[in-house]
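Scroll down for the structure; my scribbles are underneath it.
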Amino acid sequence: MDGTPLERLCAHHGVPTPAVSPATLVALAPVLDLHPADLLAIGGAEIPGAYLPATTADATTELARIRSATWDASEETLAALGGFVRSLPAAPDRAGTPPWPALDPVTVGGVVGRLMHVRNMSRRWVAEDSGLAATTISRLTNDGIDGRPAADIIETRFVLRVADALSLRHGDFLAIVGRVDEITPALREADRTKPPSQRGRLMKDLAPLPPEQLRQVAEHAKATRTDGT
């Protein structure tokens with residue numbers, strides 16, 4: 001496996017790899033059409049508090065309520081809820097939140113774990129949303145099984161399910177985990193035309209919200225489910 005996750009991702013997009021720092025990665029994010037928090041996670045840089053989710057017990061409780069209210073929701077219902085989330089006032093500035101430390105060394109398992117962290121998603125939740133066993137997710141977030149990266153051992157179709165759970169393009173995620181040989185022209189075209197997983201996008205949209213706003217979303221999701229709309 002050649003290069004770092006960031007180097008492979010940049011090569012996939014045909015752009016030079018910048019020096020790794022929070023500022024350069026945040027500047028690169030719109031070029032790659034990625035959220036700054038994702039690129040900070042992928043690059044292994046320190047993640048400033050402004051890009052981290054609320055990780056309090058209250059936030060986790062409200063996220064669990066939202067997931068419970070939407071566990072069998074259709075893509076259309078999830079998309080509508082996502083629209084409601086994005087219509088809320090901007091989340092309060094979290095600049096005073098302590099940063100998440102840089103990753104050293106930068107490994108595939110470490111990067112995947114950071115991508116989950118910036119979404120406030122546990123391994124169990126990623127397993128639920130991908131339809132995979134929790135042990136598979138654990139393997140993907142760990143490094144070194146019999147001398148081979150764990151991501152090399154997991155079947156491609158399972159890796160792509162995790163990409164959907166994280167609302168990442170398949171080609172981007174394959175590059176991140178070092179499976180660049182599997183990025184076919186057909187997959188690139190699908191990445192350009194296929195809409196993202198609405199559940200994955202919802203979890204990404206929920207990540208920056210404080211507990212009070214998550215509570216609003218939970219109540220809205222519950223009311224929508226009760227109304228059958």
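By order of appearance in the structure tokens: chains A, B, ..., then residues from 1 within every chain, and ligands from 1 in the order shown.
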As a ChimeraX atom specification, which residues of stretch 21-218 of chain A does DSSP assign to alpha helix (DSSP H)? /A:22-32,36-43,57-69,75-87,108-117,123-130,134-140,150-153,156-165,170-176,185-193,198-206,211-218
Need the shell around A:Gly131: protein/DNA/RNA residues with any atom at most 10 Å away, counting only C-alpha atoms. Skip same-chain ones fewer than 4 positions apart. Format as a list in words?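 What passes the distance filter is Trp125, Val126, Ala127, Phe158, Arg161, Val162 and Ala165 of chain A.
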Smallest atom-to-atom distance to A:Arg215: which of A:Glu7, A:Glu62, A:Asp93, A:Asp143, using only C-alpha atoms?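 Among A:Glu7, A:Glu62, A:Asp93, A:Asp143, it is A:Glu62 that comes nearest to A:Arg215.
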Using only C-alpha atoms, the shortest atom-to-atom distance to A:Val159 among A:Arg192, A:Lys204, A:Arg225, A:Arg139 belongs to A:Arg139
Each residue of stretch 130-189 of chain A with at least one atom at most 7 Å from stretch 199-202 of chain A should appear once, together with its nearest atom pair and the corresponding distance in Å (one decimal); atoms considered: only C-alpha atoms; ordering: chain, then increasing residue number; output as JSON lines.
{"residue": "A:Asp164", "atom": "CA", "partner": "A:Gly200", "partner_atom": "CA", "distance": 6.2}
{"residue": "A:Ala165", "atom": "CA", "partner": "A:Gly200", "partner_atom": "CA", "distance": 4.7}
{"residue": "A:Leu166", "atom": "CA", "partner": "A:Gly200", "partner_atom": "CA", "distance": 5.1}
{"residue": "A:Ser167", "atom": "CA", "partner": "A:Gly200", "partner_atom": "CA", "distance": 4.4}
Restricting the calculation to only C-alpha atoms: of A:Pro53, A:Ile47, A:Glu219, A:Leu206, which residue gets closest to A:Val85?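 Result for the nearest residue to A:Val85: A:Leu206.
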With only C-alpha atoms as the counted atoms, please give the residues lying no more than 9 Å from A:Met121, apart from itself and same-chain residues fewer than 6 positions off, as a PyMOL selection string. chain A and resi 115+166+203+207
When you count only C-alpha atoms, which of these residues is closest to A:Ala29: A:Cys10, A:Glu46, A:Ala69, A:Thr61?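 Closest to A:Ala29 of all the choices is A:Cys10.
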Which is closest to A:Pro5 among A:Asp172, A:Asp181, A:Asp129, A:Asp72, if we use only C-alpha atoms?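 The shortest atom-to-atom distance to A:Pro5 comes from A:Asp172.
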Under the rule that only C-alpha atoms are counted, which of A:Pro89, A:Gly96, A:Gly3, A:Pro16 is the nearest residue to A:Pro48?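 Nearest to A:Pro48: A:Gly96.
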Might you pull out every residue within 10 Å of A:Leu25, with only C-alpha atoms counted and same-chain residues fewer than 5 positions away left off, and present them as a tab-separated table (two decimals) with C-alpha atoms, in the first residue's frame?
chain	number	residue	atom	x	y	z
A	6	LEU	CA	-4.36	11.75	2.15
A	17	THR	CA	-0.93	16.69	-1.74
A	18	PRO	CA	-0.44	19.73	0.51
A	19	ALA	CA	1.69	19.97	3.60
A	20	VAL	CA	-0.39	18.61	6.45
A	30	PRO	CA	-13.89	22.43	-1.02
A	36	PRO	CA	-13.30	20.11	6.50
A	37	ALA	CA	-13.71	17.74	9.46
A	38	ASP	CA	-13.40	14.76	7.11
A	39	LEU	CA	-10.22	16.05	5.49
A	40	LEU	CA	-8.70	16.86	8.87
A	41	ALA	CA	-9.50	13.30	9.95
A	42	ILE	CA	-8.05	11.82	6.75
A	43	GLY	CA	-4.89	13.93	6.86
A	44	GLY	CA	-4.15	12.95	10.44
A	45	ALA	CA	-3.84	16.58	11.53
Hey, what's within 10 Å of A:Gly113 if we count only C-alpha atoms and toss same-chain stuff fewer than 2 positions away? As a ChimeraX atom specification, please? /A:41-42,107-111,115-118,121-123,137-138,140-142
For N, CA and C atoms, I'd like the residues from the last selection saved as a PDB file, in the first residue's frame.
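Result file again-v4.pdb:
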ATOM      1  N   ALA A  41      -9.586  14.680   9.456  1.00  0.00           N
ATOM      2  CA  ALA A  41      -9.497  13.303   9.946  1.00  0.00           C
ATOM      3  C   ALA A  41      -8.615  12.462   9.038  1.00  0.00           C
ATOM      4  N   ILE A  42      -8.794  12.613   7.730  1.00  0.00           N
ATOM      5  CA  ILE A  42      -8.047  11.817   6.755  1.00  0.00           C
ATOM      6  C   ILE A  42      -6.569  12.183   6.759  1.00  0.00           C
ATOM      7  N   THR A 107      -2.447   5.915  10.120  1.00  0.00           N
ATOM      8  CA  THR A 107      -2.764   4.576   9.633  1.00  0.00           C
ATOM      9  C   THR A 107      -4.195   4.540   9.119  1.00  0.00           C
ATOM     10  N   VAL A 108      -4.494   3.537   8.301  1.00  0.00           N
ATOM     11  CA  VAL A 108      -5.854   3.401   7.775  1.00  0.00           C
ATOM     12  C   VAL A 108      -6.852   3.232   8.909  1.00  0.00           C
ATOM     13  N   GLY A 109      -6.552   2.336   9.841  1.00  0.00           N
ATOM     14  CA  GLY A 109      -7.474   2.113  10.950  1.00  0.00           C
ATOM     15  C   GLY A 109      -7.697   3.367  11.773  1.00  0.00           C
ATOM     16  N   GLY A 110      -6.616   4.114  12.011  1.00  0.00           N
ATOM     17  CA  GLY A 110      -6.744   5.351  12.762  1.00  0.00           C
ATOM     18  C   GLY A 110      -7.591   6.381  12.043  1.00  0.00           C
ATOM     19  N   VAL A 111      -7.416   6.481  10.719  1.00  0.00           N
ATOM     20  CA  VAL A 111      -8.192   7.445   9.932  1.00  0.00           C
ATOM     21  C   VAL A 111      -9.670   7.070   9.925  1.00  0.00           C
ATOM     22  N   LEU A 115     -12.812   9.322  11.205  1.00  0.00           N
ATOM     23  CA  LEU A 115     -13.990   9.642  10.394  1.00  0.00           C
ATOM     24  C   LEU A 115     -15.274   9.309  11.148  1.00  0.00           C
ATOM     25  N   MET A 116     -15.247   8.241  11.928  1.00  0.00           N
ATOM     26  CA  MET A 116     -16.397   7.910  12.761  1.00  0.00           C
ATOM     27  C   MET A 116     -16.550   8.932  13.885  1.00  0.00           C
ATOM     28  N   HIS A 117     -15.433   9.334  14.473  1.00  0.00           N
ATOM     29  CA  HIS A 117     -15.483  10.257  15.618  1.00  0.00           C
ATOM     30  C   HIS A 117     -16.081  11.601  15.227  1.00  0.00           C
ATOM     31  N   VAL A 118     -15.689  12.144  14.069  1.00  0.00           N
ATOM     32  CA  VAL A 118     -16.204  13.472  13.701  1.00  0.00           C
ATOM     33  C   VAL A 118     -17.688  13.420  13.351  1.00  0.00           C
ATOM     34  N   MET A 121     -20.240   8.880  15.695  1.00  0.00           N
ATOM     35  CA  MET A 121     -20.748   7.527  15.462  1.00  0.00           C
ATOM     36  C   MET A 121     -19.850   6.496  16.135  1.00  0.00           C
ATOM     37  N   SER A 122     -20.476   5.617  16.890  1.00  0.00           N
ATOM     38  CA  SER A 122     -19.748   4.515  17.508  1.00  0.00           C
ATOM     39  C   SER A 122     -19.580   3.392  16.490  1.00  0.00           C
ATOM     40  N   ARG A 123     -18.719   2.442  16.811  1.00  0.00           N
ATOM     41  CA  ARG A 123     -18.565   1.268  15.938  1.00  0.00           C
ATOM     42  C   ARG A 123     -19.898   0.531  15.809  1.00  0.00           C
ATOM     43  N   ILE A 137     -16.374  -3.996  11.697  1.00  0.00           N
ATOM     44  CA  ILE A 137     -16.041  -2.584  11.871  1.00  0.00           C
ATOM     45  C   ILE A 137     -14.806  -2.451  12.749  1.00  0.00           C
ATOM     46  N   SER A 138     -14.710  -3.260  13.777  1.00  0.00           N
ATOM     47  CA  SER A 138     -13.533  -3.222  14.645  1.00  0.00           C
ATOM     48  C   SER A 138     -12.272  -3.550  13.859  1.00  0.00           C
ATOM     49  N   LEU A 140     -11.787  -3.025  10.704  1.00  0.00           N
ATOM     50  CA  LEU A 140     -11.492  -1.923   9.789  1.00  0.00           C
ATOM     51  C   LEU A 140     -10.845  -0.743  10.513  1.00  0.00           C
ATOM     52  N   THR A 141     -11.122  -0.611  11.800  1.00  0.00           N
ATOM     53  CA  THR A 141     -10.536   0.497  12.557  1.00  0.00           C
ATOM     54  C   THR A 141      -9.264   0.083  13.291  1.00  0.00           C
ATOM     55  N   ASN A 142      -8.807  -1.139  13.050  1.00  0.00           N
ATOM     56  CA  ASN A 142      -7.548  -1.602  13.623  1.00  0.00           C
ATOM     57  C   ASN A 142      -6.555  -1.844  12.492  1.00  0.00           C
TER      58      ASN A 142
END
Distance atom CA of A:Asp191-atom CA of A:Thr135, one decimal place?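 Interatomic distance here is 27.5 Å.
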Report the residues of stretch 3-217 of chain A whose backbone DSSP state falls under strand (DSSP E or B), written as a VMD selection string. chain A and resid 47 100 145 148
Would you compute the distance between atom CA of A:Leu34 and atom CA of A:Ile176? Give it in Å to one decimal. 13.0 Å
Point-to-point distance from atom CA of A:Gln198 to atom CA of A:Ala73, Å rounded to tenths: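 That distance, rounded to one decimal, is 10.1 Å.
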